[in-house]
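**Student:** So that we are looking at the same thing, I have put the structure below in structure tokens.
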Amino acid sequence: MAGRVDDAVGYAEAAQEAVTSGRFDEVSKDAEDGIGSPYAAIGQTDRWVEWCLTVIARRPATNVHAKALLAIAQENGRFR
């Protein structure tokens with residue numbers, strides 16, 4: 001796989017920590033749910049699913065995009 005996948009995963013981990021810490025301004029809900037997507041590139045879709053569930057728990061009534069990404073992550077994980 002081409003690219004800087006390891007960097008992307010590191011950025012995802014740092015972003016998740018920043019979002020959940022509460023020490024920073026809120027991230028747009030549509031940006032927040034995509035933070036876990038690099039995990040698909042390394043075959044760890046369970047981590048992406050976990051992040052989607054975290055985002056949905058934070059904003060349950062308003063997050064259609066996170067629910068769609070959750071379905072994609074779950075489906076992607078079935079074929080690994």
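If you're wondering about the labels, chains in the structure tokens are A, B, ... by order shown, residues count from 1 in each chain, ligands from 1 in order shown.
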May I have the residues within 10 Å of stretch 52-66 of chain A as an mmCIF file with N, CA and C atoms, in the first residue's frame, using only C-alpha atoms and disregarding those fewer than 6 positions away in the same chain?

**Tutor:**
```
data_model
loop_
_atom_site.group_PDB
_atom_site.id
_atom_site.type_symbol
_atom_site.label_atom_id
_atom_site.label_comp_id
_atom_site.auth_asym_id
_atom_site.auth_seq_id
_atom_site.Cartn_x
_atom_site.Cartn_y
_atom_site.Cartn_z
ATOM 1 N N GLN A 16 -8.012 11.429 18.221
ATOM 2 C CA GLN A 16 -8.988 10.835 19.132
ATOM 3 C C GLN A 16 -8.731 11.292 20.562
ATOM 4 N N VAL A 19 -9.832 14.964 20.864
ATOM 5 C CA VAL A 19 -11.293 15.120 20.854
ATOM 6 C C VAL A 19 -11.894 14.694 22.190
ATOM 7 N N THR A 20 -11.463 13.569 22.702
ATOM 8 C CA THR A 20 -12.080 13.041 23.923
ATOM 9 C C THR A 20 -11.574 13.722 25.188
ATOM 10 N N LYS A 29 -18.832 17.722 13.581
ATOM 11 C CA LYS A 29 -19.295 16.333 13.694
ATOM 12 C C LYS A 29 -18.982 15.523 12.448
ATOM 13 N N ASP A 30 -18.995 16.157 11.293
ATOM 14 C CA ASP A 30 -18.711 15.417 10.061
ATOM 15 C C ASP A 30 -17.223 15.146 9.878
ATOM 16 N N ALA A 31 -16.383 15.888 10.560
ATOM 17 C CA ALA A 31 -14.943 15.613 10.520
ATOM 18 C C ALA A 31 -14.572 14.610 11.605
ATOM 19 N N GLU A 32 -15.245 14.701 12.724
ATOM 20 C CA GLU A 32 -14.923 13.857 13.870
ATOM 21 C C GLU A 32 -15.076 12.366 13.563
ATOM 22 N N ASP A 33 -16.122 12.008 12.854
ATOM 23 C CA ASP A 33 -16.379 10.587 12.629
ATOM 24 C C ASP A 33 -15.409 9.949 11.641
ATOM 25 N N GLY A 34 -14.770 10.732 10.806
ATOM 26 C CA GLY A 34 -13.810 10.171 9.857
ATOM 27 C C GLY A 34 -12.428 9.941 10.435
ATOM 28 N N ILE A 35 -12.208 10.385 11.663
ATOM 29 C CA ILE A 35 -10.883 10.283 12.278
ATOM 30 C C ILE A 35 -10.394 8.838 12.344
ATOM 31 N N GLY A 36 -11.269 7.895 12.538
ATOM 32 C CA GLY A 36 -10.854 6.499 12.686
ATOM 33 C C GLY A 36 -10.635 5.746 11.387
ATOM 34 N N SER A 37 -10.895 6.372 10.262
ATOM 35 C CA SER A 37 -10.817 5.648 8.987
ATOM 36 C C SER A 37 -9.437 5.089 8.632
ATOM 37 N N ASP A 46 -11.919 -3.040 13.536
ATOM 38 C CA ASP A 46 -12.543 -3.032 14.857
ATOM 39 C C ASP A 46 -12.250 -1.726 15.596
ATOM 40 N N ILE A 72 -20.191 1.035 7.211
ATOM 41 C CA ILE A 72 -19.101 0.747 6.270
ATOM 42 C C ILE A 72 -17.969 0.017 6.987
ATOM 43 N N ALA A 73 -17.598 0.484 8.166
ATOM 44 C CA ALA A 73 -16.517 -0.149 8.922
ATOM 45 C C ALA A 73 -16.873 -1.584 9.291
#
```

**Student:** Just list the residues in chain A DSSP gives alpha helix (DSSP H) on the backbone, as a ChimeraX atom specification.

**Tutor:** /A:5-21,29-32,38-41,45-58,64-78

**Student:** Work out how far atom CA of A:Phe24 is from atom CA of A:Thr45, in Å to one decimal.

**Tutor:**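 Interatomic distance, atom CA of A:Thr45 to atom CA of A:Phe24: 26.5 Å.
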
**Student:** Which residue gives the smallest distance to A:Glu50 among A:Leu69, A:Arg78, A:Ala18, A:Asp25, with only C-alpha atoms counted?

**Tutor:**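 Nearest to A:Glu50: A:Leu69.
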
**Student:** Pick out the residues sitting within 10 Å of stretch 9-11 of chain A, and hand them over as an MDAnalysis selection string; count only C-alpha atoms, and ignore anything fewer than 2 positions along from it in its own chain.

**Tutor:** chainID A and resid 4:7 13:17 35:42

**Student:** Could you write those residues out with N, CA and C atoms, as a JSON list (two decimals), in the first residue's frame?

**Tutor:**
```
[["chain", "number", "residue", "atom", "x", "y", "z"],
["A", 4, "ARG", "N", 1.57, 7.18, 3.47],
["A", 4, "ARG", "CA", 2.11, 7.26, 4.82],
["A", 4, "ARG", "C", 1.07, 6.75, 5.81],
["A", 5, "VAL", "N", 0.78, 5.49, 5.70],
["A", 5, "VAL", "CA", -0.27, 4.89, 6.51],
["A", 5, "VAL", "C", 0.06, 4.97, 8.00],
["A", 6, "ASP", "N", 1.32, 4.69, 8.34],
["A", 6, "ASP", "CA", 1.70, 4.76, 9.76],
["A", 6, "ASP", "C", 1.48, 6.16, 10.32],
["A", 7, "ASP", "N", 1.81, 7.17, 9.52],
["A", 7, "ASP", "CA", 1.57, 8.55, 9.96],
["A", 7, "ASP", "C", 0.08, 8.80, 10.15],
["A", 13, "GLU", "N", -4.82, 8.52, 16.14],
["A", 13, "GLU", "CA", -4.73, 8.29, 17.58],
["A", 13, "GLU", "C", -4.62, 9.62, 18.34],
["A", 14, "ALA", "N", -3.79, 10.53, 17.83],
["A", 14, "ALA", "CA", -3.64, 11.84, 18.48],
["A", 14, "ALA", "C", -4.94, 12.63, 18.42],
["A", 15, "ALA", "N", -5.63, 12.57, 17.29],
["A", 15, "ALA", "CA", -6.89, 13.29, 17.15],
["A", 15, "ALA", "C", -7.95, 12.75, 18.09],
["A", 16, "GLN", "N", -8.01, 11.43, 18.22],
["A", 16, "GLN", "CA", -8.99, 10.83, 19.13],
["A", 16, "GLN", "C", -8.73, 11.29, 20.56],
["A", 17, "GLU", "N", -7.47, 11.31, 20.95],
["A", 17, "GLU", "CA", -7.13, 11.76, 22.30],
["A", 17, "GLU", "C", -7.51, 13.22, 22.49],
["A", 35, "ILE", "N", -12.21, 10.38, 11.66],
["A", 35, "ILE", "CA", -10.88, 10.28, 12.28],
["A", 35, "ILE", "C", -10.39, 8.84, 12.34],
["A", 36, "GLY", "N", -11.27, 7.89, 12.54],
["A", 36, "GLY", "CA", -10.85, 6.50, 12.69],
["A", 36, "GLY", "C", -10.63, 5.75, 11.39],
["A", 37, "SER", "N", -10.90, 6.37, 10.26],
["A", 37, "SER", "CA", -10.82, 5.65, 8.99],
["A", 37, "SER", "C", -9.44, 5.09, 8.63],
["A", 38, "PRO", "N", -8.31, 5.66, 9.08],
["A", 38, "PRO", "CA", -7.02, 5.05, 8.74],
["A", 38, "PRO", "C", -6.86, 3.61, 9.25],
["A", 39, "TYR", "N", -7.63, 3.23, 10.25],
["A", 39, "TYR", "CA", -7.52, 1.87, 10.75],
["A", 39, "TYR", "C", -7.91, 0.83, 9.70],
["A", 40, "ALA", "N", -8.76, 1.21, 8.77],
["A", 40, "ALA", "CA", -9.13, 0.28, 7.69],
["A", 40, "ALA", "C", -7.92, -0.06, 6.84],
["A", 41, "ALA", "N", -7.01, 0.89, 6.68],
["A", 41, "ALA", "CA", -5.83, 0.67, 5.83],
["A", 41, "ALA", "C", -4.86, -0.32, 6.44],
["A", 42, "ILE", "N", -4.94, -0.53, 7.75],
["A", 42, "ILE", "CA", -4.03, -1.48, 8.40],
["A", 42, "ILE", "C", -4.77, -2.73, 8.86]]
```

**Student:** Have a look at atom CA of A:Arg23 and atom CA of A:Trp48 and let me know their distance in Å, one decimal.

**Tutor:**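 About the pair atom CA of A:Arg23 and atom CA of A:Trp48: they are 22.6 Å apart.
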